[in-house]
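Peer 1: Could you have a look at this structure, given as structure tokens, before my questions?
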Amino acid sequence: MIEIIVDILLLLMVIYLVAGLLFSMYFLTKGASKLDEETKGSPWHFKLIIWPGTVLLWSVLLLKLIRK
Amino acid sequence: MSAGYTSILWNSEKKRYDRGILIFVVVYLTSFYGLHALLHPDATFETLLIRAFGILAFFLLHVILVIGPLCRLTPTFLPLLYNRRHLGVSMFLIALIHGAFSILQFHSLGDMNPIRSIFLSNTEYVSLTEFPFQVLGFFALVIFGLMAVSSHDFWLKNLGLKVWKTLHMMVYVAYALIILHVVLGAIQNEKSLTFFLIVLLGFVSITLTHLIAGKKEKKVDDEKPIVDHGYARVCKPEDFEENRAKMITCGERIAVFKYDGQLSAVHNVCKHQGGPLGEGKIVDGCITCPWHGYQYLPGNGQSPPPFNEKVATYELKIQDGYVWVNMEAKPEGEYVEPLNLRDYE
């Protein structure tokens, strides 16, 4: 039983992270400036520093983008 | 302060702070390895590495948690708070090294997926003495990771203060997980009572400082000011220190600053992370938040150009020898003529 629960959780985690990776590509090229105009023209190292966050917190960012 | 983003906002003070962290880490690791080479010459490099980084992360977590309440009790500790986010990210990276090497050492040598192995290599979830404590460390590391990746001001602005604060308050959940991770892990290996006493001392320090600081805050909030026709009495003009504030709570907390022989009042809460502006001081003509140095002009509550943060302002008057503040806030960033104390001398 524990094995099944762990396997399901790990599968969900992998799906979430893969979706986050895909979302981050869109967000760092286009989405960020739609959500926050101050990101326009920001240097590459700023994008690099927010990249892990976009992968992990993509669901919140997506909601914010949809509401905007 | 927001006016376009960059990766890391460094100034000379923050650089000094980060150098301090680096020097401490290097001195600690050198001493740890030196001592262990003498006391436990048989221990493997990986074991020492896991221990060294685990203990260091655990210690830094205590420092991070205790800074906040200590600063509420005395401004002496404010320099430690100023760049706490870098200390937090450093702590996460140190904990990550501890976690990564633990997974490498204990979970990656079999034929099971290492992450799966954390949860399934030991399934004694109902046992106290055999509990798979690494699972707790794993979840704590996930929380620290979420906090570290969202520590840039971009996240504060775009997640919103409420979501961001909630996410970062999860540090207390992570702390509880880490305490259990350490205690349940140590039960399985550690024979010395000293180890448990040190952990207990850390826990008591965190709890006590939080309780005492909370009690002090409550006392300030519970003080009811004298109110007359929408104005609350602050204090006598001579009670003010130059470039410092007196705070008053009347629904909202208001900070009244004295500078250049005049007084101005602003909402006490910094737009950055909700820091107490009234505990800061006037630096270069600006109210400067004691937490991270965000600045506001006292007359209009606006950050100096090119920055764009704004706090609410309040009208002041002198009546019967006391300074009074209008409890109704002006819109954020609205200019209010400072009260010139020379007119009342």
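Note on naming: chains are A, B, ... as they come in the structure tokens, residues start from 1 per chain, ligands start from 1 in the order shown.
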Please list as a list in words every residue within 10 Å of Asn300 of chain B, counting only C-alpha atoms and excluding residues in the same chain fewer than 6 positions away.
Peer 2: Ser264, Ala265, Val266, Lys310, Val311, Ala312, Thr313, Tyr314, Lys330, Pro331, Glu332, Gly333, Glu334, Tyr335, Val336, Glu337 and Pro338 of chain B
Peer 1: I'd like a table as a Markdown table: residues in chain B with an atom no more than 6 Å from chain A, each row giving the shortest atom pair and its distance in Å to one decimal, only C-alpha atoms counted, sorted by chain and rising residue number.
Peer 2:
| residue | atom | partner | partner_atom | distance |
| --- | --- | --- | --- | --- |
| B:Gly4 | CA | A:Glu38 | CA | 4.8 |
| B:Tyr5 | CA | A:Ser42 | CA | 5.9 |
| B:Thr6 | CA | A:Phe46 | CA | 5.1 |
| B:Ser7 | CA | A:Phe46 | CA | 3.9 |
| B:Val149 | CA | A:Gly53 | CA | 4.8 |
| B:Ser150 | CA | A:Gly53 | CA | 5.8 |
Peer 1: Write out as a PyMOL selection string each polymer residue whose atoms come within 10 Å of Phe59 of chain B, counting only C-alpha atoms; drop sequence neighbours fewer than 6 positions from it.
Peer 2: chain B and resi 53+91+199+202
Peer 1: Please extract the residues of segment 69-206 of chain B with a backbone DSSP assignment of alpha helix (DSSP H) and present them as an mmCIF file with N, CA and C atoms, in the first residue's frame.
Peer 2:
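As written to disk, states21.cif reads:
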data_model
loop_
_atom_site.group_PDB
_atom_site.id
_atom_site.type_symbol
_atom_site.label_atom_id
_atom_site.label_comp_id
_atom_site.auth_asym_id
_atom_site.auth_seq_id
_atom_site.Cartn_x
_atom_site.Cartn_y
_atom_site.Cartn_z
ATOM 1 N N PRO B 69 12.863 37.694 16.304
ATOM 2 C CA PRO B 69 12.435 38.111 17.637
ATOM 3 C C PRO B 69 13.491 38.921 18.399
ATOM 4 N N LEU B 70 14.772 38.608 18.207
ATOM 5 C CA LEU B 70 15.812 39.388 18.906
ATOM 6 C C LEU B 70 15.775 40.851 18.468
ATOM 7 N N CYS B 71 15.520 41.069 17.189
ATOM 8 C CA CYS B 71 15.453 42.448 16.678
ATOM 9 C C CYS B 71 14.232 43.179 17.220
ATOM 10 N N ARG B 72 13.171 42.434 17.552
ATOM 11 C CA ARG B 72 12.000 43.070 18.145
ATOM 12 C C ARG B 72 12.310 43.511 19.583
ATOM 13 N N LEU B 73 13.269 42.815 20.190
ATOM 14 C CA LEU B 73 13.595 43.112 21.586
ATOM 15 C C LEU B 73 14.666 44.195 21.710
ATOM 16 N N LEU B 78 19.835 44.256 14.605
ATOM 17 C CA LEU B 78 19.330 44.644 13.284
ATOM 18 C C LEU B 78 20.325 44.387 12.141
ATOM 19 N N PRO B 79 21.643 44.602 12.358
ATOM 20 C CA PRO B 79 22.576 44.305 11.252
ATOM 21 C C PRO B 79 22.485 42.850 10.777
ATOM 22 N N LEU B 80 22.130 41.933 11.679
ATOM 23 C CA LEU B 80 22.009 40.519 11.274
ATOM 24 C C LEU B 80 20.768 40.293 10.417
ATOM 25 N N LEU B 81 19.745 41.111 10.662
ATOM 26 C CA LEU B 81 18.478 40.963 9.932
ATOM 27 C C LEU B 81 18.580 41.510 8.521
ATOM 28 N N ARG B 84 19.205 38.864 5.871
ATOM 29 C CA ARG B 84 18.865 37.514 6.333
ATOM 30 C C ARG B 84 18.538 36.586 5.164
ATOM 31 N N ARG B 85 18.035 37.161 4.068
ATOM 32 C CA ARG B 85 17.667 36.291 2.950
ATOM 33 C C ARG B 85 18.889 35.567 2.385
ATOM 34 N N HIS B 86 20.052 36.238 2.367
ATOM 35 C CA HIS B 86 21.257 35.557 1.880
ATOM 36 C C HIS B 86 21.679 34.454 2.853
ATOM 37 N N LEU B 87 21.450 34.704 4.131
ATOM 38 C CA LEU B 87 21.762 33.679 5.129
ATOM 39 C C LEU B 87 20.822 32.476 4.918
ATOM 40 N N GLY B 88 19.557 32.779 4.609
ATOM 41 C CA GLY B 88 18.569 31.720 4.357
ATOM 42 C C GLY B 88 18.927 30.892 3.139
ATOM 43 N N VAL B 89 19.319 31.575 2.053
ATOM 44 C CA VAL B 89 19.687 30.842 0.834
ATOM 45 C C VAL B 89 20.955 30.019 1.093
ATOM 46 N N SER B 90 21.901 30.601 1.849
ATOM 47 C CA SER B 90 23.130 29.861 2.182
ATOM 48 C C SER B 90 22.782 28.603 2.979
ATOM 49 N N MET B 91 21.868 28.778 3.950
ATOM 50 C CA MET B 91 21.462 27.632 4.779
ATOM 51 C C MET B 91 20.840 26.538 3.900
ATOM 52 N N PHE B 92 20.006 26.955 2.924
ATOM 53 C CA PHE B 92 19.386 25.961 2.031
ATOM 54 C C PHE B 92 20.457 25.209 1.244
ATOM 55 N N LEU B 93 21.431 25.949 0.697
ATOM 56 C CA LEU B 93 22.474 25.297 -0.112
ATOM 57 C C LEU B 93 23.276 24.312 0.735
ATOM 58 N N ILE B 94 23.537 24.694 1.988
ATOM 59 C CA ILE B 94 24.285 23.809 2.901
ATOM 60 C C ILE B 94 23.441 22.572 3.223
ATOM 61 N N ALA B 95 22.132 22.793 3.468
ATOM 62 C CA ALA B 95 21.228 21.664 3.743
ATOM 63 C C ALA B 95 21.108 20.769 2.510
ATOM 64 N N LEU B 96 21.141 21.395 1.322
ATOM 65 C CA LEU B 96 21.041 20.626 0.068
ATOM 66 C C LEU B 96 22.261 19.712 -0.095
ATOM 67 N N ILE B 97 23.440 20.227 0.253
ATOM 68 C CA ILE B 97 24.657 19.402 0.168
ATOM 69 C C ILE B 97 24.527 18.219 1.130
ATOM 70 N N HIS B 98 24.035 18.520 2.353
ATOM 71 C CA HIS B 98 23.814 17.455 3.343
ATOM 72 C C HIS B 98 22.834 16.410 2.784
ATOM 73 N N GLY B 99 21.722 16.889 2.224
ATOM 74 C CA GLY B 99 20.691 15.981 1.703
ATOM 75 C C GLY B 99 21.184 15.187 0.505
ATOM 76 N N ALA B 100 21.862 15.890 -0.423
ATOM 77 C CA ALA B 100 22.322 15.225 -1.652
ATOM 78 C C ALA B 100 23.329 14.117 -1.327
ATOM 79 N N PHE B 101 24.273 14.408 -0.425
ATOM 80 C CA PHE B 101 25.275 13.392 -0.087
ATOM 81 C C PHE B 101 24.665 12.248 0.729
ATOM 82 N N SER B 102 23.643 12.572 1.520
ATOM 83 C CA SER B 102 22.964 11.511 2.271
ATOM 84 C C SER B 102 22.259 10.562 1.299
ATOM 85 N N ILE B 103 21.607 11.126 0.293
ATOM 86 C CA ILE B 103 20.921 10.295 -0.717
ATOM 87 C C ILE B 103 21.947 9.469 -1.483
ATOM 88 N N LEU B 104 23.054 10.129 -1.817
ATOM 89 C CA LEU B 104 24.110 9.437 -2.563
ATOM 90 C C LEU B 104 24.681 8.267 -1.752
ATOM 91 N N GLN B 105 24.901 8.525 -0.475
ATOM 92 C CA GLN B 105 25.533 7.521 0.391
ATOM 93 C C GLN B 105 24.576 6.389 0.763
ATOM 94 N N PHE B 106 23.319 6.754 1.068
ATOM 95 C CA PHE B 106 22.409 5.755 1.645
ATOM 96 C C PHE B 106 21.319 5.242 0.695
ATOM 97 N N HIS B 107 21.087 5.938 -0.415
ATOM 98 C CA HIS B 107 19.950 5.552 -1.248
ATOM 99 C C HIS B 107 20.264 5.352 -2.724
ATOM 100 N N PRO B 114 16.606 6.481 -6.197
ATOM 101 C CA PRO B 114 17.039 7.047 -4.893
ATOM 102 C C PRO B 114 15.923 7.789 -4.146
ATOM 103 N N ILE B 115 15.107 8.563 -4.862
ATOM 104 C CA ILE B 115 14.040 9.311 -4.183
ATOM 105 C C ILE B 115 12.985 8.337 -3.649
ATOM 106 N N ARG B 116 12.695 7.307 -4.450
ATOM 107 C CA ARG B 116 11.746 6.270 -4.025
ATOM 108 C C ARG B 116 12.294 5.536 -2.795
ATOM 109 N N SER B 117 13.620 5.366 -2.808
ATOM 110 C CA SER B 117 14.285 4.659 -1.718
ATOM 111 C C SER B 117 14.159 5.406 -0.386
ATOM 112 N N ILE B 118 14.133 6.754 -0.440
ATOM 113 C CA ILE B 118 13.992 7.541 0.803
ATOM 114 C C ILE B 118 12.721 7.111 1.526
ATOM 115 N N PHE B 119 11.671 6.892 0.747
ATOM 116 C CA PHE B 119 10.359 6.599 1.340
ATOM 117 C C PHE B 119 10.157 5.110 1.614
ATOM 118 N N LEU B 120 10.857 4.258 0.841
ATOM 119 C CA LEU B 120 10.523 2.828 0.914
ATOM 120 C C LEU B 120 11.628 1.923 1.466
ATOM 121 N N PHE B 133 13.515 8.690 9.457
ATOM 122 C CA PHE B 133 13.645 10.139 9.707
ATOM 123 C C PHE B 133 14.071 10.934 8.484
ATOM 124 N N GLN B 134 14.660 10.247 7.506
ATOM 125 C CA GLN B 134 15.132 10.972 6.313
ATOM 126 C C GLN B 134 13.981 11.575 5.511
ATOM 127 N N VAL B 135 12.793 10.917 5.633
ATOM 128 C CA VAL B 135 11.606 11.446 4.944
ATOM 129 C C VAL B 135 11.300 12.860 5.455
ATOM 130 N N LEU B 136 11.450 13.051 6.772
ATOM 131 C CA LEU B 136 11.157 14.353 7.378
ATOM 132 C C LEU B 136 12.140 15.410 6.867
ATOM 133 N N GLY B 137 13.412 15.018 6.782
ATOM 134 C CA GLY B 137 14.430 15.933 6.258
ATOM 135 C C GLY B 137 14.151 16.278 4.802
ATOM 136 N N PHE B 138 13.668 15.295 4.051
ATOM 137 C CA PHE B 138 13.353 15.522 2.638
ATOM 138 C C PHE B 138 12.275 16.605 2.497
ATOM 139 N N PHE B 139 11.203 16.475 3.276
ATOM 140 C CA PHE B 139 10.116 17.459 3.178
ATOM 141 C C PHE B 139 10.571 18.846 3.657
ATOM 142 N N ALA B 140 11.394 18.862 4.705
ATOM 143 C CA ALA B 140 11.916 20.157 5.183
ATOM 144 C C ALA B 140 12.769 20.811 4.090
ATOM 145 N N LEU B 141 13.569 19.982 3.399
ATOM 146 C CA LEU B 141 14.425 20.509 2.330
ATOM 147 C C LEU B 141 13.577 21.076 1.188
ATOM 148 N N VAL B 142 12.450 20.420 0.898
ATOM 149 C CA VAL B 142 11.546 20.935 -0.146
ATOM 150 C C VAL B 142 11.034 22.330 0.260
ATOM 151 N N ILE B 143 10.658 22.482 1.534
ATOM 152 C CA ILE B 143 10.165 23.791 2.006
ATOM 153 C C ILE B 143 11.284 24.840 1.917
ATOM 154 N N PHE B 144 12.476 24.478 2.399
ATOM 155 C CA PHE B 144 13.601 25.431 2.321
ATOM 156 C C PHE B 144 13.876 25.811 0.858
ATOM 157 N N GLY B 145 13.736 24.816 -0.031
ATOM 158 C CA GLY B 145 13.960 25.062 -1.456
ATOM 159 C C GLY B 145 12.956 26.071 -1.996
ATOM 160 N N LEU B 146 11.681 25.870 -1.661
ATOM 161 C CA LEU B 146 10.635 26.793 -2.122
ATOM 162 C C LEU B 146 10.898 28.204 -1.604
ATOM 163 N N MET B 147 11.356 28.278 -0.349
ATOM 164 C CA MET B 147 11.656 29.589 0.229
ATOM 165 C C MET B 147 12.861 30.234 -0.461
ATOM 166 N N ALA B 148 13.873 29.433 -0.723
ATOM 167 C CA ALA B 148 15.095 29.984 -1.341
ATOM 168 C C ALA B 148 14.815 30.483 -2.754
ATOM 169 N N VAL B 149 14.076 29.684 -3.542
ATOM 170 C CA VAL B 149 13.848 30.100 -4.937
ATOM 171 C C VAL B 149 12.891 31.289 -5.027
ATOM 172 N N ASP B 153 12.990 39.702 -4.735
ATOM 173 C CA ASP B 153 11.868 40.641 -4.634
ATOM 174 C C ASP B 153 10.829 40.474 -5.752
ATOM 175 N N PHE B 154 11.249 39.907 -6.881
ATOM 176 C CA PHE B 154 10.300 39.630 -7.966
ATOM 177 C C PHE B 154 9.144 38.779 -7.443
ATOM 178 N N TRP B 155 9.486 37.804 -6.597
ATOM 179 C CA TRP B 155 8.459 36.890 -6.087
ATOM 180 C C TRP B 155 7.568 37.573 -5.072
ATOM 181 N N LEU B 156 8.165 38.418 -4.259
ATOM 182 C CA LEU B 156 7.375 39.147 -3.269
ATOM 183 C C LEU B 156 6.317 39.989 -3.971
ATOM 184 N N LYS B 157 6.736 40.648 -5.052
ATOM 185 C CA LYS B 157 5.805 41.521 -5.778
ATOM 186 C C LYS B 157 4.745 40.711 -6.524
ATOM 187 N N ASN B 158 5.173 39.625 -7.172
ATOM 188 C CA ASN B 158 4.239 38.930 -8.065
ATOM 189 C C ASN B 158 3.424 37.825 -7.408
ATOM 190 N N LEU B 159 3.905 37.310 -6.283
ATOM 191 C CA LEU B 159 3.048 36.372 -5.542
ATOM 192 C C LEU B 159 2.090 37.158 -4.647
ATOM 193 N N LEU B 161 2.110 39.971 -1.110
ATOM 194 C CA LEU B 161 2.685 39.882 0.237
ATOM 195 C C LEU B 161 2.079 38.725 1.037
ATOM 196 N N LYS B 162 0.741 38.521 0.875
ATOM 197 C CA LYS B 162 0.059 37.507 1.684
ATOM 198 C C LYS B 162 0.549 36.086 1.339
ATOM 199 N N VAL B 163 0.562 35.776 0.024
ATOM 200 C CA VAL B 163 1.009 34.438 -0.407
ATOM 201 C C VAL B 163 2.477 34.248 -0.056
ATOM 202 N N TRP B 164 3.274 35.295 -0.324
ATOM 203 C CA TRP B 164 4.724 35.210 -0.066
ATOM 204 C C TRP B 164 5.004 34.984 1.420
ATOM 205 N N LYS B 165 4.298 35.751 2.256
ATOM 206 C CA LYS B 165 4.500 35.607 3.707
ATOM 207 C C LYS B 165 4.101 34.208 4.173
ATOM 208 N N THR B 166 2.942 33.733 3.654
ATOM 209 C CA THR B 166 2.471 32.394 4.035
ATOM 210 C C THR B 166 3.518 31.346 3.672
ATOM 211 N N LEU B 167 4.041 31.467 2.455
ATOM 212 C CA LEU B 167 5.056 30.515 1.994
ATOM 213 C C LEU B 167 6.285 30.558 2.914
ATOM 214 N N HIS B 168 6.691 31.777 3.290
ATOM 215 C CA HIS B 168 7.905 31.901 4.096
ATOM 216 C C HIS B 168 7.675 31.605 5.580
ATOM 217 N N MET B 169 6.407 31.671 6.011
ATOM 218 C CA MET B 169 6.113 31.257 7.391
ATOM 219 C C MET B 169 6.179 29.728 7.526
ATOM 220 N N VAL B 171 8.563 28.128 7.227
ATOM 221 C CA VAL B 171 9.851 27.812 7.855
ATOM 222 C C VAL B 171 9.625 27.164 9.229
ATOM 223 N N TYR B 172 8.512 27.513 9.877
ATOM 224 C CA TYR B 172 8.239 26.921 11.199
ATOM 225 C C TYR B 172 7.820 25.454 11.067
ATOM 226 N N VAL B 173 7.113 25.133 9.970
ATOM 227 C CA VAL B 173 6.780 23.721 9.701
ATOM 228 C C VAL B 173 8.085 22.971 9.433
ATOM 229 N N ALA B 174 8.941 23.602 8.602
ATOM 230 C CA ALA B 174 10.222 22.974 8.273
ATOM 231 C C ALA B 174 11.061 22.783 9.536
ATOM 232 N N TYR B 175 11.014 23.757 10.439
ATOM 233 C CA TYR B 175 11.796 23.654 11.685
ATOM 234 C C TYR B 175 11.311 22.462 12.516
ATOM 235 N N ALA B 176 9.971 22.317 12.601
ATOM 236 C CA ALA B 176 9.411 21.186 13.353
ATOM 237 C C ALA B 176 9.864 19.865 12.721
ATOM 238 N N LEU B 177 9.827 19.811 11.382
ATOM 239 C CA LEU B 177 10.262 18.587 10.673
ATOM 240 C C LEU B 177 11.742 18.305 10.944
ATOM 241 N N ILE B 178 12.534 19.388 10.960
ATOM 242 C CA ILE B 178 13.991 19.220 11.174
ATOM 243 C C ILE B 178 14.273 18.748 12.605
ATOM 244 N N ILE B 179 13.543 19.305 13.572
ATOM 245 C CA ILE B 179 13.741 18.867 14.960
ATOM 246 C C ILE B 179 13.446 17.359 15.064
ATOM 247 N N LEU B 180 12.332 16.931 14.440
ATOM 248 C CA LEU B 180 11.986 15.500 14.471
ATOM 249 C C LEU B 180 13.019 14.675 13.697
ATOM 250 N N HIS B 181 13.466 15.214 12.558
ATOM 251 C CA HIS B 181 14.473 14.540 11.728
ATOM 252 C C HIS B 181 15.751 14.296 12.554
ATOM 253 N N VAL B 182 16.163 15.337 13.270
ATOM 254 C CA VAL B 182 17.409 15.244 14.057
ATOM 255 C C VAL B 182 17.224 14.309 15.257
ATOM 256 N N VAL B 183 16.124 14.503 15.982
ATOM 257 C CA VAL B 183 15.920 13.710 17.211
ATOM 258 C C VAL B 183 15.685 12.234 16.866
ATOM 259 N N LEU B 184 14.791 11.971 15.913
ATOM 260 C CA LEU B 184 14.499 10.572 15.566
ATOM 261 C C LEU B 184 15.706 9.894 14.913
ATOM 262 N N GLY B 185 16.484 10.684 14.176
ATOM 263 C CA GLY B 185 17.698 10.134 13.568
ATOM 264 C C GLY B 185 18.736 9.833 14.630
ATOM 265 N N ALA B 186 18.874 10.759 15.559
ATOM 266 C CA ALA B 186 19.899 10.608 16.595
ATOM 267 C C ALA B 186 19.575 9.455 17.541
ATOM 268 N N ILE B 187 18.254 9.231 17.775
ATOM 269 C CA ILE B 187 17.860 8.122 18.659
ATOM 270 C C ILE B 187 18.469 6.805 18.158
ATOM 271 N N GLN B 188 18.568 6.693 16.817
ATOM 272 C CA GLN B 188 19.042 5.442 16.228
ATOM 273 C C GLN B 188 20.566 5.275 16.319
ATOM 274 N N ASN B 189 21.282 6.398 16.487
ATOM 275 C CA ASN B 189 22.752 6.295 16.473
ATOM 276 C C ASN B 189 23.443 6.890 17.690
ATOM 277 N N LEU B 193 23.971 12.009 25.833
ATOM 278 C CA LEU B 193 22.845 12.844 26.260
ATOM 279 C C LEU B 193 23.102 14.310 25.885
ATOM 280 N N THR B 194 24.381 14.679 25.800
ATOM 281 C CA THR B 194 24.758 16.069 25.465
ATOM 282 C C THR B 194 24.109 16.509 24.158
ATOM 283 N N PHE B 195 24.105 15.615 23.180
ATOM 284 C CA PHE B 195 23.538 15.941 21.875
ATOM 285 C C PHE B 195 22.076 16.362 22.006
ATOM 286 N N PHE B 196 21.311 15.575 22.769
ATOM 287 C CA PHE B 196 19.878 15.870 22.936
ATOM 288 C C PHE B 196 19.685 17.174 23.720
ATOM 289 N N LEU B 197 20.563 17.423 24.681
ATOM 290 C CA LEU B 197 20.476 18.667 25.471
ATOM 291 C C LEU B 197 20.739 19.895 24.594
ATOM 292 N N ILE B 198 21.675 19.781 23.655
ATOM 293 C CA ILE B 198 21.973 20.902 22.748
ATOM 294 C C ILE B 198 20.755 21.187 21.861
ATOM 295 N N VAL B 199 20.154 20.115 21.348
ATOM 296 C CA VAL B 199 18.948 20.284 20.505
ATOM 297 C C VAL B 199 17.835 20.941 21.326
ATOM 298 N N LEU B 200 17.678 20.484 22.568
ATOM 299 C CA LEU B 200 16.637 21.039 23.444
ATOM 300 C C LEU B 200 16.908 22.518 23.736
ATOM 301 N N LEU B 201 18.178 22.840 23.965
ATOM 302 C CA LEU B 201 18.554 24.230 24.239
ATOM 303 C C LEU B 201 18.195 25.125 23.050
ATOM 304 N N GLY B 202 18.474 24.647 21.857
ATOM 305 C CA GLY B 202 18.143 25.401 20.639
ATOM 306 C C GLY B 202 16.644 25.622 20.536
ATOM 307 N N PHE B 203 15.882 24.574 20.772
ATOM 308 C CA PHE B 203 14.418 24.651 20.672
ATOM 309 C C PHE B 203 13.862 25.634 21.709
ATOM 310 N N VAL B 204 14.380 25.547 22.933
ATOM 311 C CA VAL B 204 13.913 26.437 24.003
ATOM 312 C C VAL B 204 14.270 27.898 23.664
ATOM 313 N N SER B 205 15.466 28.128 23.131
ATOM 314 C CA SER B 205 15.873 29.498 22.767
ATOM 315 C C SER B 205 14.921 30.093 21.735
ATOM 316 N N ILE B 206 14.606 29.300 20.724
ATOM 317 C CA ILE B 206 13.702 29.778 19.659
ATOM 318 C C ILE B 206 12.328 30.087 20.257
#
Peer 1: Got a sec: who's within 10 Å of Leu339 of chain B, counting only C-alpha atoms, leaving out chain neighbours fewer than 5 positions off, as a PyMOL selection string?
Peer 2: chain B and resi 258+261-265+299+315-318+323+344
Peer 1: Could you pull out the strand (DSSP E or B) residues of segment 178-299 of chain B, going by DSSP on the backbone, and write them as an MDAnalysis selection string?
Peer 2: chainID B and resid 227:228 231:235 245:250 252:259 262:267 269 276 281:283 286:288 295:296
